[in-house]
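Read through the structure below, which is laid out as structure tokens, and then see the notes.
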Amino acid sequence: MEVVIVADAKAGGELIAEAMAQLLRRKPDALLGVATGSTPLPIYQALAAKVRNGAVDVSRARIAQLDEYVGLPADHPESYHSVLRREVLEPLGIGMDAFLGPDGAAEDVQGACEAYDRELAEAGGVDLQLLGIGTDGHIGFNEPCSSLVSRTRIKTLTEQTRADNARFFDGDVDQVPHHVITQGIGTILEARHLVLLATGENKADAIAATVEGPVAAVCPASALQLHPHATVVVDEAAASKLKFADYFRRTYASKPEWQGL
Ligand SMILES: N[C@@H]1[C@@H](O)[C@H](O)[C@@H](COP(=O)(O)O)O[C@@H]1O
């Protein structure tokens, strides 16, 4: 696993956006897995700036959704389908016809989950999967103790995650759904490149467990240790509990520029 310590969220966003641009120059129809939450926003803003100044062509790019609430109408402003349209596809000028996502409003939720796993495989798999991380180490909505080989399926949110996400529902935790669909950890690990961005002191414990802790379902993000190409980008605050921080800094500083992430 590569760990890159950056000055701040903006620098992290620009670094990852450049890696995505390099991927798209090599593979214009790349399937980009996108995450929600506040952390990835600087990535999308930096990538949109590259599109505006002609530095990258996203006209053939495809977008894959990581997770979705169950029971919210698809047009609900806080359904992840709506959030990604607003925060990613529209700013990048990518049409919804290039968007893959699970149906959070399906009657047969398990059927929708299995269909989505198949859809991702039939699309050739995710080329680069962006990830945030929950304060409890969850990725997507794979909560602690999720199977490390799980597939896309319905999950129940912890009260911690519901509280963390209440800020998107007018601060009212009662409005936050209890159930979600998420790509499983086994599904996520099938992406060819995983790029996790974390910023802020409140993610330091989760990052230390992810990078330096044991591979354990209690910290779902620790599954990144099993992936052949996983990159963790953190600011100093999120890196503050890493024992090997100086080693990671030296390693990245010695890496040739052309290698990218
Ligand atoms: N399902 C999302 C995750 O994909 C995201 O990583 C997490 C952290 O969000 P933030 O980046 O706002 O801290 O929130 C939610 O749980």
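FYI, nothing fancy with the structure tokens labels: chains A, B, ... in order, residues from 1 per chain, ligands from 1 as they appear.
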Mind listing the strand (DSSP E or B) residues of range 205-253 of chain A, per DSSP on the backbone, as a PDB file with C-alpha atoms, in the first residue's frame?
```pdb
ATOM      1  CA  ALA A 230      -3.922   0.734  -3.168  1.00  0.00           C
ATOM      2  CA  THR A 231      -3.020   4.376  -2.539  1.00  0.00           C
ATOM      3  CA  VAL A 232      -3.913   6.233   0.657  1.00  0.00           C
ATOM      4  CA  VAL A 233      -3.703  10.036   0.441  1.00  0.00           C
ATOM      5  CA  VAL A 234      -3.883  11.841   3.774  1.00  0.00           C
ATOM      6  CA  ASP A 235      -3.259  15.295   5.160  1.00  0.00           C
TER       7      ASP A 235
END
```
Chain A near ligand 1 within 9 Å: what's each residue's closest atom pair and its distance in Å to one decimal, counting only C-alpha atoms and all ligand atoms, ordered by chain then ascending residue number, as a Markdown table?
```
| residue | atom | partner | partner_atom_place_in_ligand_line | distance |
| --- | --- | --- | --- | --- |
| A:Val34 | CA | ligand 1 | 4 (O) | 8.6 |
| A:Ala35 | CA | ligand 1 | 4 (O) | 5.1 |
| A:Thr36 | CA | ligand 1 | 4 (O) | 5.1 |
| A:Gly37 | CA | ligand 1 | 12 (O) | 3.5 |
| A:Ser38 | CA | ligand 1 | 12 (O) | 3.7 |
| A:Thr39 | CA | ligand 1 | 11 (O) | 3.8 |
| A:Pro40 | CA | ligand 1 | 11 (O) | 6.4 |
| A:Leu41 | CA | ligand 1 | 11 (O) | 8.5 |
| A:Leu66 | CA | ligand 1 | 4 (O) | 7.0 |
| A:Asp67 | CA | ligand 1 | 1 (N) | 6.2 |
| A:Glu68 | CA | ligand 1 | 1 (N) | 7.6 |
| A:Tyr69 | CA | ligand 1 | 1 (N) | 8.7 |
| A:Tyr80 | CA | ligand 1 | 1 (N) | 8.6 |
| A:Leu130 | CA | ligand 1 | 4 (O) | 8.9 |
| A:Leu131 | CA | ligand 1 | 6 (O) | 5.9 |
| A:Gly132 | CA | ligand 1 | 6 (O) | 3.3 |
| A:Ile133 | CA | ligand 1 | 6 (O) | 4.0 |
| A:Gly134 | CA | ligand 1 | 8 (C) | 4.4 |
| A:Thr135 | CA | ligand 1 | 13 (O) | 7.1 |
| A:Gly137 | CA | ligand 1 | 6 (O) | 8.8 |
| A:His138 | CA | ligand 1 | 16 (O) | 7.1 |
| A:Ile139 | CA | ligand 1 | 4 (O) | 5.6 |
| A:Gly140 | CA | ligand 1 | 4 (O) | 3.9 |
| A:Phe141 | CA | ligand 1 | 1 (N) | 4.7 |
| A:Asn142 | CA | ligand 1 | 1 (N) | 8.2 |
| A:Glu143 | CA | ligand 1 | 16 (O) | 8.7 |
| A:Leu157 | CA | ligand 1 | 16 (O) | 8.7 |
| A:Thr161 | CA | ligand 1 | 16 (O) | 6.1 |
| A:Arg162 | CA | ligand 1 | 16 (O) | 8.2 |
| A:Asp164 | CA | ligand 1 | 14 (O) | 7.4 |
| A:Asn165 | CA | ligand 1 | 14 (O) | 6.6 |
| A:Val180 | CA | ligand 1 | 1 (N) | 8.9 |
| A:Thr182 | CA | ligand 1 | 1 (N) | 8.0 |
| A:Leu196 | CA | ligand 1 | 6 (O) | 8.7 |
| A:Leu197 | CA | ligand 1 | 11 (O) | 8.2 |
| A:Ala198 | CA | ligand 1 | 11 (O) | 7.1 |
| A:Thr199 | CA | ligand 1 | 11 (O) | 8.2 |
| A:Gly200 | CA | ligand 1 | 13 (O) | 8.9 |
| A:Asn202 | CA | ligand 1 | 13 (O) | 8.6 |
| A:Lys203 | CA | ligand 1 | 13 (O) | 7.9 |
```
Excluding Asp108 in chain A and any residue of its chain fewer than 6 positions from it, enumerate the residues within 12 Å of it, using only C-alpha atoms, and give them as a PyMOL selection string.
-> chain A and resi 70-71+102+114-115+153-154+181
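Look at Val211 in chain A: the protein and nucleic acid residues within 9 Å of it, using only C-alpha atoms and passing over chain neighbours fewer than 4 places away, are Met1, Val3, Ala206, Ile207, Ala221, Ser222, Leu224, Gln225, Val232 and Leu242 of chain A.
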Residue subset to file, keeping N, CA and C atoms, as an mmCIF file, in the first residue's frame:
```cif
data_model
loop_
_atom_site.group_PDB
_atom_site.id
_atom_site.type_symbol
_atom_site.label_atom_id
_atom_site.label_comp_id
_atom_site.auth_asym_id
_atom_site.auth_seq_id
_atom_site.Cartn_x
_atom_site.Cartn_y
_atom_site.Cartn_z
ATOM 1 N N MET A 1 0.854 -1.182 0.000
ATOM 2 C CA MET A 1 0.000 0.000 0.000
ATOM 3 C C MET A 1 0.894 1.238 0.000
ATOM 4 N N VAL A 3 1.335 5.210 0.773
ATOM 5 C CA VAL A 3 0.743 6.287 1.573
ATOM 6 C C VAL A 3 1.395 7.596 1.158
ATOM 7 N N ALA A 206 -8.775 5.853 12.305
ATOM 8 C CA ALA A 206 -9.193 4.930 11.243
ATOM 9 C C ALA A 206 -8.058 4.711 10.251
ATOM 10 N N ILE A 207 -7.300 5.768 9.937
ATOM 11 C CA ILE A 207 -6.177 5.642 8.993
ATOM 12 C C ILE A 207 -5.067 4.791 9.604
ATOM 13 N N ALA A 221 -11.610 -0.902 6.112
ATOM 14 C CA ALA A 221 -10.621 -0.307 5.192
ATOM 15 C C ALA A 221 -9.288 -1.041 5.247
ATOM 16 N N SER A 222 -9.053 -1.831 6.318
ATOM 17 C CA SER A 222 -7.773 -2.576 6.384
ATOM 18 C C SER A 222 -7.670 -3.583 5.241
ATOM 19 N N LEU A 224 -7.639 -2.908 2.317
ATOM 20 C CA LEU A 224 -6.762 -2.324 1.295
ATOM 21 C C LEU A 224 -5.370 -2.936 1.353
ATOM 22 N N GLN A 225 -4.999 -3.511 2.510
ATOM 23 C CA GLN A 225 -3.676 -4.153 2.613
ATOM 24 C C GLN A 225 -3.586 -5.394 1.721
ATOM 25 N N VAL A 232 -3.221 5.477 -0.394
ATOM 26 C CA VAL A 232 -3.913 6.233 0.657
ATOM 27 C C VAL A 232 -3.320 7.631 0.684
ATOM 28 N N LEU A 242 0.165 7.787 12.393
ATOM 29 C CA LEU A 242 0.941 6.792 11.638
ATOM 30 C C LEU A 242 2.355 6.731 12.179
#
```
Go through A:Ala237, A:Met20, A:Leu92, A:Leu15 one by one, measure the shortest atom-to-atom distance of each to Asn53 in chain A using only C-alpha atoms, and give the residue with the smallest value.
->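 Nearest candidate to Asn53 in chain A out of A:Ala237, A:Met20, A:Leu92, A:Leu15: A:Leu92.
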Using only C-alpha atoms, determine which residues lie at most 12 Å from Arg86 in chain A, disregarding the query and same-chain residues fewer than 2 positions distant; provide the list as an MDAnalysis selection string.
-> chainID A and resid 36 41 44:45 75:84 88:96
Leaving out Ile16 in chain A and any residue of its chain fewer than 5 positions from it, which residues lie within 9 Å of it when counting only C-alpha atoms, given as a compact mmCIF listing (two decimals) with N, CA, C and O atoms, in the first residue's frame?
```
# COMPACT_ATOMS: atom_id res chain seq x y z
N ALA A 11 -4.61 19.95 -1.94
CA ALA A 11 -3.45 19.29 -2.56
C ALA A 11 -3.77 17.82 -2.83
O ALA A 11 -3.42 17.28 -3.89
N ALA A 21 -6.84 11.93 -14.41
CA ALA A 21 -6.64 12.48 -15.76
C ALA A 21 -5.63 11.62 -16.53
O ALA A 21 -5.83 11.32 -17.72
N ILE A 43 -11.48 16.55 -5.01
CA ILE A 43 -11.06 15.76 -6.18
C ILE A 43 -11.92 16.15 -7.38
O ILE A 43 -11.43 16.44 -8.48
N ALA A 46 -11.20 19.64 -8.65
CA ALA A 46 -9.94 19.72 -9.41
C ALA A 46 -10.11 19.06 -10.77
O ALA A 46 -9.61 19.56 -11.79
N LEU A 47 -10.83 17.96 -10.84
CA LEU A 47 -11.02 17.28 -12.13
C LEU A 47 -11.90 18.13 -13.06
O LEU A 47 -11.61 18.25 -14.25
N LEU A 130 -12.42 5.52 -6.17
CA LEU A 130 -12.17 6.49 -5.10
C LEU A 130 -12.88 6.03 -3.84
O LEU A 130 -13.99 5.49 -3.91
N VAL A 195 -8.00 4.25 -4.51
CA VAL A 195 -7.41 5.51 -4.03
C VAL A 195 -8.31 6.05 -2.93
O VAL A 195 -9.45 6.43 -3.16
N LEU A 197 -8.88 8.81 0.07
CA LEU A 197 -8.50 10.14 0.56
C LEU A 197 -9.11 10.34 1.94
O LEU A 197 -10.30 10.05 2.15
N VAL A 233 -4.15 8.64 0.45
CA VAL A 233 -3.70 10.04 0.44
C VAL A 233 -4.29 10.71 1.68
O VAL A 233 -5.51 10.69 1.87
N LEU A 261 0.49 8.13 -9.21
CA LEU A 261 0.03 7.36 -8.04
C LEU A 261 -0.07 5.87 -8.37
O LEU A 261 -0.47 5.53 -9.47
```
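By chain and then residue number, the residues within 9 Å of Val176 in chain A are Tyr69, Arg162, Ala163, Asn165, Ala166, Phe168, Phe169, Asp172, Val173, Asp174 and His178 of chain A, counting only C-alpha atoms and disregarding those fewer than 2 positions away in sequence.
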Selected residues written out, C-alpha atoms, as a PDB file, in the first residue's frame:
```pdb
ATOM      1  CA  TYR A  69     -29.426   4.577   0.763  1.00  0.00           C
ATOM      2  CA  ARG A 162     -26.161   7.708  10.922  1.00  0.00           C
ATOM      3  CA  ALA A 163     -25.019  10.452  13.325  1.00  0.00           C
ATOM      4  CA  ASN A 165     -24.384  11.580   8.055  1.00  0.00           C
ATOM      5  CA  ALA A 166     -27.184  13.503   9.782  1.00  0.00           C
ATOM      6  CA  PHE A 168     -26.813  16.005   5.159  1.00  0.00           C
ATOM      7  CA  PHE A 169     -30.371  15.635   6.514  1.00  0.00           C
ATOM      8  CA  ASP A 172     -31.925  15.311  11.974  1.00  0.00           C
ATOM      9  CA  VAL A 173     -30.605  11.779  12.532  1.00  0.00           C
ATOM     10  CA  ASP A 174     -34.193  10.452  12.401  1.00  0.00           C
ATOM     11  CA  HIS A 178     -31.180   2.714   8.556  1.00  0.00           C
TER      12      HIS A 178
END
```
note - CA of Lys10 in chain A and CA of Asp127 in chain A are separated by 23.1 Å
Report the residues of range 70-252 of chain A whose backbone DSSP state falls under alpha helix (DSSP H), written as JSON, numbers by chain.
-> {"A": [80, 81, 82, 83, 84, 90, 91, 92, 109, 110, 111, 112, 113, 114, 115, 116, 117, 118, 119, 120, 121, 122, 159, 160, 161, 162, 163, 164, 165, 185, 186, 187, 188, 204, 205, 206, 207, 208, 209, 210, 211, 212, 245, 246, 247, 248, 249, 250, 251, 252]}
Go through A:Thr152, A:Ser146, A:Gln65, A:Ser254 and flag the residue nearest Ala223 in chain A, using only C-alpha atoms for the distances.
->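 For Ala223 in chain A, the nearest of the given residues is A:Ser146.
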Could you tell me how far CA of Ala191 in chain A lies from CA of Pro73 in chain A, in Å and to one decimal?
-> 28.2 Å
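Computed from the coordinates, the CA of Asp8 in chain A to CA of Thr210 in chain A distance equals 19.7 Å.
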